[in-house]
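Asker: My structure is in input18.cif, and what it holds is mmCIF, C-alpha atoms:
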data_my_file
loop_
_atom_site.label_atom_id
_atom_site.label_comp_id
_atom_site.auth_asym_id
_atom_site.auth_seq_id
_atom_site.Cartn_x
_atom_site.Cartn_y
_atom_site.Cartn_z
CA MET A 1 0.00 0.00 0.00
CA PRO A 2 1.59 3.33 -1.04
CA PRO A 3 2.09 5.77 1.80
CA ALA A 4 -0.44 8.58 1.95
CA THR A 5 0.83 12.05 1.27
CA ALA A 6 0.63 14.54 4.14
CA PRO A 7 -2.52 16.33 2.79
CA THR A 8 -4.27 13.01 2.17
CA ALA A 9 -3.36 11.69 5.60
CA ALA A 10 -4.71 14.88 7.15
CA ARG A 11 -8.01 14.34 5.33
CA ASP A 12 -8.09 10.75 6.64
CA ARG A 13 -7.66 11.96 10.22
CA ALA A 14 -10.39 14.55 9.72
CA VAL A 15 -13.03 11.92 8.89
CA PRO A 16 -15.07 11.52 12.11
CA HIS A 17 -15.84 8.19 13.68
CA TYR A 18 -19.21 6.73 12.69
CA ASP A 19 -21.16 3.94 14.36
CA HIS A 20 -22.97 2.96 11.18
CA ILE A 21 -22.27 3.39 7.47
CA ILE A 22 -25.09 2.29 5.16
CA VAL A 23 -24.30 2.22 1.43
CA ILE A 24 -27.25 1.95 -0.97
CA VAL A 25 -26.18 1.09 -4.52
CA GLU A 26 -28.35 2.04 -7.48
CA GLU A 27 -27.74 1.10 -11.11
CA ASN A 28 -26.73 2.44 -14.49
CA THR A 29 -27.60 6.11 -14.12
CA GLY A 30 -25.47 9.20 -14.61
CA TYR A 31 -25.18 12.38 -12.60
CA ARG A 32 -27.19 14.52 -15.01
CA THR A 33 -30.05 12.03 -15.24
CA ILE A 34 -30.54 11.96 -11.46
CA LEU A 35 -29.80 15.52 -10.45
CA GLU A 36 -30.63 17.69 -13.47
CA ARG A 37 -33.48 16.14 -15.47
CA GLY A 38 -36.18 16.24 -12.80
CA TRP A 39 -36.85 12.51 -12.98
CA ALA A 40 -35.64 11.83 -9.41
CA PRO A 41 -37.13 14.62 -7.26
CA ASN A 42 -36.66 12.81 -3.95
CA LEU A 43 -32.99 12.08 -4.53
CA ALA A 44 -32.34 15.56 -5.89
CA LYS A 45 -33.91 17.06 -2.77
CA LEU A 46 -31.75 14.90 -0.51
CA ALA A 47 -28.62 15.88 -2.46
CA HIS A 48 -29.46 19.55 -2.05
CA GLU A 49 -30.44 19.27 1.62
CA TYR A 50 -27.51 17.12 2.77
CA GLY A 51 -24.45 16.50 0.62
CA SER A 52 -23.53 15.65 -2.96
CA ALA A 53 -20.24 14.57 -4.51
CA THR A 54 -20.45 16.50 -7.77
CA ARG A 55 -17.41 14.84 -9.40
CA MET A 56 -17.79 11.14 -8.55
CA TYR A 57 -16.74 8.54 -11.11
CA ALA A 58 -17.15 4.80 -11.57
CA GLU A 59 -14.31 2.48 -12.52
CA SER A 60 -15.82 0.48 -15.35
CA HIS A 61 -18.60 -0.78 -17.53
CA PRO A 62 -20.52 -3.00 -16.82
CA SER A 63 -21.67 -3.43 -13.20
CA GLU A 64 -19.71 -6.16 -11.45
CA PRO A 65 -16.21 -4.64 -11.38
CA ASN A 66 -17.57 -1.52 -9.70
CA TYR A 67 -19.09 -3.50 -6.81
CA VAL A 68 -15.83 -5.42 -6.47
CA ALA A 69 -13.86 -2.15 -6.49
CA LEU A 70 -16.03 -0.68 -3.74
CA LEU A 71 -15.51 -3.69 -1.47
CA GLY A 72 -12.00 -4.79 -2.40
CA GLY A 73 -10.11 -1.72 -3.54
CA ASP A 74 -9.47 -3.08 -7.04
CA THR A 75 -11.36 -4.51 -10.01
CA PHE A 76 -8.90 -7.45 -10.04
CA GLY A 77 -9.03 -7.50 -13.84
CA ILE A 78 -12.78 -8.21 -13.96
CA HIS A 79 -14.44 -6.33 -16.82
CA ASP A 80 -17.74 -8.17 -17.28
CA ASP A 81 -20.78 -9.40 -15.34
CA ASP A 82 -19.83 -13.10 -15.23
CA ALA A 83 -20.60 -15.41 -12.31
CA TRP A 84 -18.36 -15.53 -9.26
CA TYR A 85 -17.29 -19.11 -10.08
CA CYS A 86 -16.05 -18.35 -13.61
CA VAL A 87 -12.39 -19.03 -14.46
CA PRO A 88 -10.40 -18.91 -17.69
CA GLY A 89 -11.60 -21.63 -20.06
CA SER A 90 -14.83 -22.33 -18.17
CA ASP A 91 -17.94 -23.33 -20.11
CA ARG A 92 -20.30 -23.12 -17.13
CA PRO A 93 -23.50 -21.03 -17.33
CA PHE A 94 -23.02 -17.26 -16.94
CA CYS A 95 -19.36 -17.49 -18.06
CA HIS A 96 -18.58 -15.72 -21.35
CA ASP A 97 -15.46 -15.15 -23.49
CA THR A 98 -13.43 -17.22 -21.06
CA ALA A 99 -10.83 -18.00 -23.72
CA ALA A 100 -9.81 -14.34 -23.93
CA ALA A 101 -6.20 -13.68 -22.98
CA ASP A 102 -7.19 -11.17 -20.29
CA TYR A 103 -9.94 -13.29 -18.70
CA VAL A 104 -9.43 -13.73 -14.94
CA ALA A 105 -10.88 -15.85 -12.17
CA HIS A 106 -13.88 -14.08 -10.70
CA LEU A 107 -13.52 -15.50 -7.18
CA ILE A 108 -10.96 -13.34 -5.42
CA GLU A 109 -8.62 -14.50 -2.69
CA GLY A 110 -7.37 -12.00 -0.16
CA PRO A 111 -8.58 -9.22 2.12
CA ASN A 112 -11.67 -7.14 1.48
CA LEU A 113 -13.98 -4.93 3.50
CA SER A 114 -15.58 -7.90 5.26
CA THR A 115 -12.20 -9.21 6.48
CA GLU A 116 -11.19 -5.71 7.61
CA LEU A 117 -14.39 -5.39 9.61
CA ARG A 118 -13.99 -8.81 11.19
CA ALA A 119 -10.39 -8.04 12.15
CA LYS A 120 -11.67 -4.95 13.97
CA GLY A 121 -14.45 -6.92 15.70
CA LEU A 122 -17.18 -5.16 13.71
CA ALA A 123 -20.19 -6.81 12.06
CA TRP A 124 -21.45 -6.31 8.51
CA ARG A 125 -24.45 -7.31 6.47
CA ALA A 126 -25.47 -7.15 2.83
CA TYR A 127 -29.21 -6.57 2.52
CA LEU A 128 -30.09 -7.86 -0.96
CA GLU A 129 -33.68 -7.50 -2.07
CA ASP A 130 -35.16 -10.78 -3.38
CA ILE A 131 -32.09 -12.91 -2.68
CA PRO A 132 -33.50 -16.47 -2.98
CA GLU A 133 -32.52 -17.38 0.60
CA PRO A 134 -30.08 -16.13 3.24
CA GLY A 135 -26.51 -16.85 2.22
CA SER A 136 -27.56 -17.83 -1.30
CA LEU A 137 -24.85 -18.18 -3.94
CA ALA A 138 -27.40 -18.18 -6.77
CA ILE A 139 -26.47 -16.10 -9.79
CA ALA A 140 -30.06 -14.89 -10.25
CA SER A 141 -33.41 -15.38 -8.55
CA PRO A 142 -35.98 -17.58 -10.30
CA GLY A 143 -39.26 -16.16 -11.43
CA ALA A 144 -42.70 -17.14 -10.18
CA SER A 145 -46.22 -16.96 -11.51
CA ASN A 146 -46.46 -13.26 -10.71
CA THR A 147 -42.82 -12.12 -10.50
CA PRO A 148 -40.13 -11.88 -13.17
CA PRO A 149 -36.93 -13.91 -13.00
CA GLY A 150 -33.73 -12.09 -12.18
CA LEU A 151 -35.04 -9.63 -9.60
CA TYR A 152 -31.94 -10.55 -7.59
CA ALA A 153 -28.63 -10.69 -9.47
CA ALA A 154 -25.32 -11.76 -7.92
CA LYS A 155 -23.45 -9.39 -10.25
CA HIS A 156 -24.90 -6.59 -8.08
CA THR A 157 -23.75 -8.11 -4.79
CA GLY A 158 -19.97 -7.73 -4.75
CA PHE A 159 -19.37 -9.74 -1.61
CA THR A 160 -19.93 -13.08 -3.40
CA ASN A 161 -16.82 -12.39 -5.50
CA PHE A 162 -14.63 -12.84 -2.41
CA ALA A 163 -13.56 -16.32 -1.31
CA SER A 164 -13.53 -15.30 2.36
CA VAL A 165 -17.27 -14.58 2.18
CA LEU A 166 -18.09 -17.86 0.47
CA ARG A 167 -16.20 -19.75 3.18
CA ASP A 168 -17.64 -17.71 6.03
CA PRO A 169 -19.68 -19.89 8.41
CA ASP A 170 -21.84 -16.81 9.12
CA ARG A 171 -22.66 -16.23 5.45
CA ALA A 172 -26.38 -16.96 5.94
CA ARG A 173 -26.50 -14.19 8.55
CA GLU A 174 -24.53 -11.77 6.38
CA LEU A 175 -26.18 -12.09 2.94
CA VAL A 176 -29.86 -11.48 3.71
CA GLY A 177 -33.03 -10.05 2.23
CA PHE A 178 -35.05 -6.94 2.88
CA ALA A 179 -37.21 -8.59 5.56
CA ALA A 180 -34.04 -8.69 7.67
CA LEU A 181 -33.37 -5.05 6.85
CA ASP A 182 -36.83 -4.06 8.06
CA ALA A 183 -36.39 -6.06 11.28
CA ASP A 184 -32.90 -4.69 11.95
CA LEU A 185 -34.00 -1.11 11.39
CA ARG A 186 -36.92 -1.48 13.78
CA ALA A 187 -34.69 -3.09 16.42
CA GLY A 188 -31.78 -0.71 15.90
CA SER A 189 -29.51 -3.69 15.24
CA VAL A 190 -28.06 -2.70 11.87
CA PRO A 191 -24.32 -3.52 11.96
CA ALA A 192 -21.43 -1.12 11.59
CA PHE A 193 -21.39 -1.56 7.81
CA ALA A 194 -24.41 -2.35 5.68
CA LEU A 195 -24.60 -2.73 1.92
CA VAL A 196 -28.16 -2.27 0.66
CA VAL A 197 -28.98 -3.34 -2.91
CA PRO A 198 -32.58 -3.11 -4.16
CA ASN A 199 -33.81 -5.56 -6.76
CA GLN A 200 -33.35 -4.87 -10.47
CA CYS A 201 -36.76 -3.21 -10.78
CA ASN A 202 -36.15 -0.91 -7.81
CA GLU A 203 -32.47 0.01 -8.38
CA MET A 204 -33.00 1.61 -11.83
CA HIS A 205 -31.51 -1.32 -13.76
CA GLY A 206 -34.72 -2.76 -15.18
CA ILE A 207 -35.78 -6.18 -16.43
CA GLY A 208 -37.25 -7.09 -19.79
CA ALA A 209 -38.42 -10.51 -18.61
CA ARG A 210 -41.94 -11.86 -18.35
CA ASN A 211 -44.13 -10.43 -15.57
CA ALA A 212 -41.93 -7.35 -15.22
CA PRO A 213 -43.96 -4.25 -14.24
CA ALA A 214 -44.35 -1.61 -16.93
CA ASP A 215 -42.12 0.85 -15.07
CA CYS A 216 -39.41 -1.81 -14.77
CA ALA A 217 -39.36 -2.85 -18.42
CA GLY A 218 -40.25 0.48 -19.99
CA SER A 219 -38.65 3.88 -20.46
CA ASP A 220 -35.59 5.22 -18.67
CA GLU A 221 -37.71 7.96 -17.09
CA ALA A 222 -40.24 5.50 -15.66
CA LEU A 223 -37.46 3.31 -14.31
CA VAL A 224 -35.68 6.25 -12.65
CA ARG A 225 -38.92 7.53 -11.13
CA ARG A 226 -39.66 4.08 -9.71
CA GLY A 227 -36.16 3.86 -8.22
CA ASP A 228 -36.41 7.37 -6.83
CA ALA A 229 -39.65 6.54 -4.98
CA HIS A 230 -38.17 3.30 -3.65
CA ALA A 231 -35.00 5.07 -2.45
CA ALA A 232 -37.12 7.66 -0.65
CA ASP A 233 -38.94 4.88 1.20
CA LEU A 234 -35.61 3.29 2.19
CA ILE A 235 -34.24 6.58 3.50
CA ALA A 236 -37.43 7.23 5.48
CA ALA A 237 -37.19 3.78 7.09
CA ILE A 238 -33.55 4.34 8.05
CA GLN A 239 -34.32 7.78 9.47
CA SER A 240 -37.06 6.26 11.63
CA SER A 241 -34.68 3.69 13.12
CA PRO A 242 -32.99 3.99 16.52
CA ILE A 243 -29.63 3.95 14.72
CA TRP A 244 -30.64 7.35 13.34
CA THR A 245 -32.73 8.86 16.11
CA ALA A 246 -30.68 7.92 19.19
CA PRO A 247 -28.87 11.10 20.31
CA ASN A 248 -25.42 9.53 20.56
CA SER A 249 -25.62 7.34 17.46
CA THR A 250 -23.68 8.56 14.41
CA THR A 251 -25.01 7.16 11.15
CA ALA A 252 -24.25 8.02 7.53
CA ILE A 253 -26.26 6.89 4.52
CA VAL A 254 -24.51 6.91 1.15
CA ILE A 255 -26.54 6.56 -2.04
CA THR A 256 -24.27 5.84 -4.97
CA TRP A 257 -24.44 4.21 -8.38
CA ASP A 258 -22.41 1.43 -9.93
CA GLU A 259 -21.82 3.17 -13.27
CA ASP A 260 -23.26 5.67 -15.70
CA GLY A 261 -25.00 3.29 -18.07
CA LYS A 262 -27.46 5.72 -19.64
CA GLU A 263 -25.30 8.68 -20.62
CA PHE A 264 -22.39 6.44 -21.67
CA PRO A 265 -20.56 6.38 -24.12
CA ALA A 266 -20.84 10.15 -24.26
CA ASN A 267 -19.53 10.16 -20.67
CA PRO A 268 -16.76 7.51 -20.35
CA LYS A 269 -14.98 9.38 -17.58
CA SER A 270 -12.85 8.05 -14.76
CA CYS A 271 -10.91 9.47 -11.87
CA CYS A 272 -7.96 9.07 -9.60
CA VAL A 273 -6.56 5.64 -10.60
CA ALA A 274 -5.23 4.45 -13.96
CA ASP A 275 -6.45 0.94 -14.79
CA ALA A 276 -5.91 -0.39 -18.31
CA HIS A 277 -8.62 -3.04 -17.92
CA ASN A 278 -11.26 -0.61 -16.67
CA PRO A 279 -10.71 2.86 -18.10
CA GLY A 280 -13.75 4.46 -16.49
CA GLY A 281 -17.43 4.03 -15.79
CA GLY A 282 -18.64 7.60 -16.12
CA HIS A 283 -19.85 10.46 -13.97
CA ILE A 284 -22.23 9.14 -11.30
CA PRO A 285 -24.25 10.80 -8.54
CA THR A 286 -23.34 10.13 -4.92
CA ILE A 287 -25.38 11.54 -2.03
CA VAL A 288 -24.27 11.49 1.61
CA ILE A 289 -26.86 11.88 4.38
CA ALA A 290 -25.58 11.92 7.97
CA ASN A 291 -27.66 12.33 11.11
CA HIS A 292 -25.08 14.65 12.66
CA GLY A 293 -23.48 15.73 9.42
CA PRO A 294 -23.33 18.77 7.19
CA HIS A 295 -26.18 20.25 5.19
CA GLY A 296 -26.14 21.87 1.78
CA VAL A 297 -22.67 20.64 0.78
CA ALA A 298 -21.74 20.31 -2.89
CA ASP A 299 -18.26 18.80 -2.83
CA PRO A 300 -16.38 19.26 -6.16
CA THR A 301 -13.42 17.04 -5.21
CA PRO A 302 -12.80 14.25 -7.76
CA TYR A 303 -13.77 10.91 -6.20
CA ASN A 304 -14.39 7.30 -7.20
CA HIS A 305 -15.53 4.09 -5.50
CA TYR A 306 -12.06 3.72 -4.00
CA SER A 307 -12.57 7.10 -2.34
CA LEU A 308 -15.79 5.85 -0.78
CA LEU A 309 -14.05 2.67 0.43
CA ARG A 310 -11.25 4.76 1.94
CA THR A 311 -13.80 6.94 3.72
CA ILE A 312 -15.62 3.91 5.14
CA GLU A 313 -12.31 2.55 6.41
CA ASP A 314 -11.52 5.90 8.04
CA ALA A 315 -14.99 6.41 9.53
CA LEU A 316 -15.14 2.93 11.06
CA ARG A 317 -11.52 3.15 12.24
CA LEU A 318 -10.37 0.10 10.31
CA ASN A 319 -6.70 -0.75 10.01
CA GLY A 320 -5.30 0.72 6.82
CA HIS A 321 -6.70 0.96 3.30
CA LEU A 322 -7.27 -1.77 0.76
CA ARG A 323 -5.24 -1.63 -2.46
CA HIS A 324 -6.21 1.43 -4.56
CA ALA A 325 -8.11 2.90 -1.61
CA GLY A 326 -4.66 3.59 -0.19
CA ASP A 327 -3.31 5.34 -3.28
CA PRO A 328 -2.20 8.92 -2.58
CA THR A 329 -4.30 10.07 -5.55
CA VAL A 330 -7.47 8.71 -3.90
CA LEU A 331 -8.90 11.15 -1.39
CA PRO A 332 -11.36 10.41 1.43
CA MET A 333 -14.71 12.19 1.14
CA THR A 334 -14.04 14.26 4.26
CA PRO A 335 -16.27 17.33 3.63
CA LEU A 336 -19.35 15.15 3.13
CA PHE A 337 -18.81 13.18 6.35
CA ALA A 338 -17.90 16.03 8.70
CA THR A 339 -20.04 15.98 11.83
CA SER A 340 -21.52 18.99 13.54
CA SER A 341 -20.55 19.74 17.13
#
For the file at hand, write its structure as structure tokens.
Answerer:
Amino acid sequence: MPPATAPTAARDRAVPHYDHIIVIVEENTGYRTILERGWAPNLAKLAHEYGSATRMYAESHPSEPNYVALLGGDTFGIHDDDAWYCVPGSDRPFCHDTAAADYVAHLIEGPNLSTELRAKGLAWRAYLEDIPEPGSLAIASPGASNTPPGLYAAKHTGFTNFASVLRDPDRARELVGFAALDADLRAGSVPAFALVVPNQCNEMHGIGARNAPADCAGSDEALVRRGDAHAADLIAAIQSSPIWTAPNSTTAIVITWDEDGKEFPANPKSCCVADAHNPGGGHIPTIVIANHGPHGVADPTPYNHYSLLRTIEDALRLNGHLRHAGDPTVLPMTPLFATSS
């Protein structure tokens, strides 16, 4: 891990301690679509009221490498949405172009955010809407008579790409559905780190399969409006929880996107780290809402998913920074996480 420069280290130290960091990941939508077109009024209001990273960039197209980057500090050469079990030469389902010279194993050995949290004695959970069952390693959820297949997709999970998670005896308590999220919010038992991923109809990705609702299989505007309403409900539920309302509890909610999949390729931008395999995933919105944090902040600092990972590591007082999260060119998102006295 490269040593941080003095200004970067000072920004790390300035990130306050948080009890809870909740990261909600939405899909395939650029900064302008969310914050300038008027299609996402709830999210735009939250960005204006709390904090917005106005120059946040994804690492890649398509989705999977961005989730891996957020949790592992690198894309590890992944540049597709293939299944976690895929290896070079594999002909298994959900494995494509595996004969390509640059194809890599999609199950990653080594440290990641979950191992950092465990080493610090902190718990984590991934709340994954419509996961087939707790701890499931399914690549996609099956359909039913009244629901489309693929509401849950492992490519939007991130944690299942790490061998330590697959081997974890607590996996069924760590990869859970939204019923567990509702229960944990009511009880105030959300862990130190939570990854929240709505299903593909509610995260702005969309599904063209049978039984998909019209606003899930239709226009970009309808899909964004559906996701905006769903995100507003999630935020309201979090803000009603004891983890938010207790006077001494410090909680930050981050709403970010995996990539800009709607304005691309007109917006193939990247930031902060040079990666030949993944040259950029575009300009994405990222909104930070903290119960004791700043209001009305528009932070123009260039950031990426590694910046968010670095900030999580700082805020939860983890030991060091994973891979590119420790690069001196990657800055923590300090202004958006500052707490009021």
Asker: For the file shown, report as number ranges by chain the outcome of the PyMOL selection byres ((chain A and resi 321) around 10) at residue level.
Answerer: A: 1-2, 4, 72-73, 112-113, 116, 306, 309-314, 318-320, 322-327
Asker: Can you list what the PyMOL selection byres ((chain A and resi 11) around 9) grabs from this structure, as a PyMOL selection string?
Answerer: chain A and resi 6-10+12-15+331-335
Asker: List, as a PyMOL selection string, every residue that the PyMOL selection byres ((chain A and resi 30) around 8) selects in the file provided.
Answerer: chain A and resi 28-29+31-34+259-263+282-285
Asker: Pick the closest to Cys271 in chain A from A:Ser219, A:Thr157, A:Ser60, A:Ser241: which is it, counting all atoms listed in the file?
Answerer: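 Of A:Ser219, A:Thr157, A:Ser60, A:Ser241, the one nearest Cys271 in chain A is A:Ser60, counting all atoms listed in the file.
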Asker: Please identify all polymer residues within 12 Å of Arg92 in chain A, counting all atoms listed in the file, omitting same-chain residues fewer than 5 positions from it, and present them as an MDAnalysis selection string.
Answerer: chainID A and resid 82:87 97:98 139
Asker: When you count only C-alpha atoms, which of these residues is closest to Pro242 in chain A: A:Arg186, A:Arg55, A:Arg210, A:His292?
Answerer: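 Closest to Pro242 in chain A, using only C-alpha atoms: A:Arg186.
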Asker: Give the answer as one residue: which of A:Leu195, A:Met56, A:Ala209, A:Leu71 has the shortest atom-to-atom distance to Asn146 in chain A, using all atoms listed in the file?
Answerer: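 Closest to Asn146 in chain A of all the choices is A:Ala209.
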Asker: Find, counting all atoms listed in the file, the residue in A:Thr301, A:Thr245, A:Ser90, A:Ser136 that gets nearest to Tyr152 in chain A.
Answerer: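 With all atoms listed in the file as the atom set, the closest residue is A:Ser136.
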Asker: Of the residues A:Ala105, A:Gly280, A:Leu181, A:Ser189, which is the one nearest to His61 in chain A, using only C-alpha atoms?
Answerer: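 Comparing A:Ala105, A:Gly280, A:Leu181, A:Ser189 against His61 in chain A, the winner is A:Gly280.
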Asker: Distance CA of Asn66 in chain A-CA of Leu223 in chain A, one decimal place?
Answerer: 21.0 Å
Asker: Return as JSON lines the residues of range 215-323 of chain A lying at most 9 Å from range 16-19 of chain A, together with the closest atom-to-atom pair for each and the distance in Å to one decimal, counting all atoms listed in the file, with rows in chain order and ascending residue number.
Answerer:
{"residue": "A:Ile243", "atom": "CA", "partner": "A:Asp19", "partner_atom": "CA", "distance": 8.5}
{"residue": "A:Ser249", "atom": "CA", "partner": "A:Asp19", "partner_atom": "CA", "distance": 6.4}
{"residue": "A:Thr250", "atom": "CA", "partner": "A:Tyr18", "partner_atom": "CA", "distance": 5.1}
{"residue": "A:Thr251", "atom": "CA", "partner": "A:Asp19", "partner_atom": "CA", "distance": 6.0}
{"residue": "A:Ala252", "atom": "CA", "partner": "A:Tyr18", "partner_atom": "CA", "distance": 7.3}
{"residue": "A:Ile312", "atom": "CA", "partner": "A:Tyr18", "partner_atom": "CA", "distance": 8.8}
{"residue": "A:Asp314", "atom": "CA", "partner": "A:His17", "partner_atom": "CA", "distance": 7.5}
{"residue": "A:Ala315", "atom": "CA", "partner": "A:His17", "partner_atom": "CA", "distance": 4.6}
{"residue": "A:Leu316", "atom": "CA", "partner": "A:Tyr18", "partner_atom": "CA", "distance": 5.8}
{"residue": "A:Arg317", "atom": "CA", "partner": "A:His17", "partner_atom": "CA", "distance": 6.8}
Asker: Which is closer to Pro65 in chain A than all the others in A:Met204, A:Val224, A:Ile78, A:Ala99, using all atoms listed in the file?
Answerer: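 Of all the options, A:Ile78 lies closest to Pro65 in chain A.
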Asker: Step by step: start from the point (-27.7, -1.6, 0.0) in the file's coordinates, keep every protein, DNA or RNA residue that has an atom no farther than 8 Å from it, count all atoms listed in the file, and write the set as a ChimeraX atom specification.
Answerer: /A:22-25,126-128,194-198
Asker: Just the residues within 12 Å of Ala231 in chain A, please, counting all atoms listed in the file, with nothing from its chain fewer than 2 positions along; format it as an MDAnalysis selection string.
Answerer: chainID A and resid 23:27 40:44 46 196:199 201:204 224:229 233:238 253:256 287
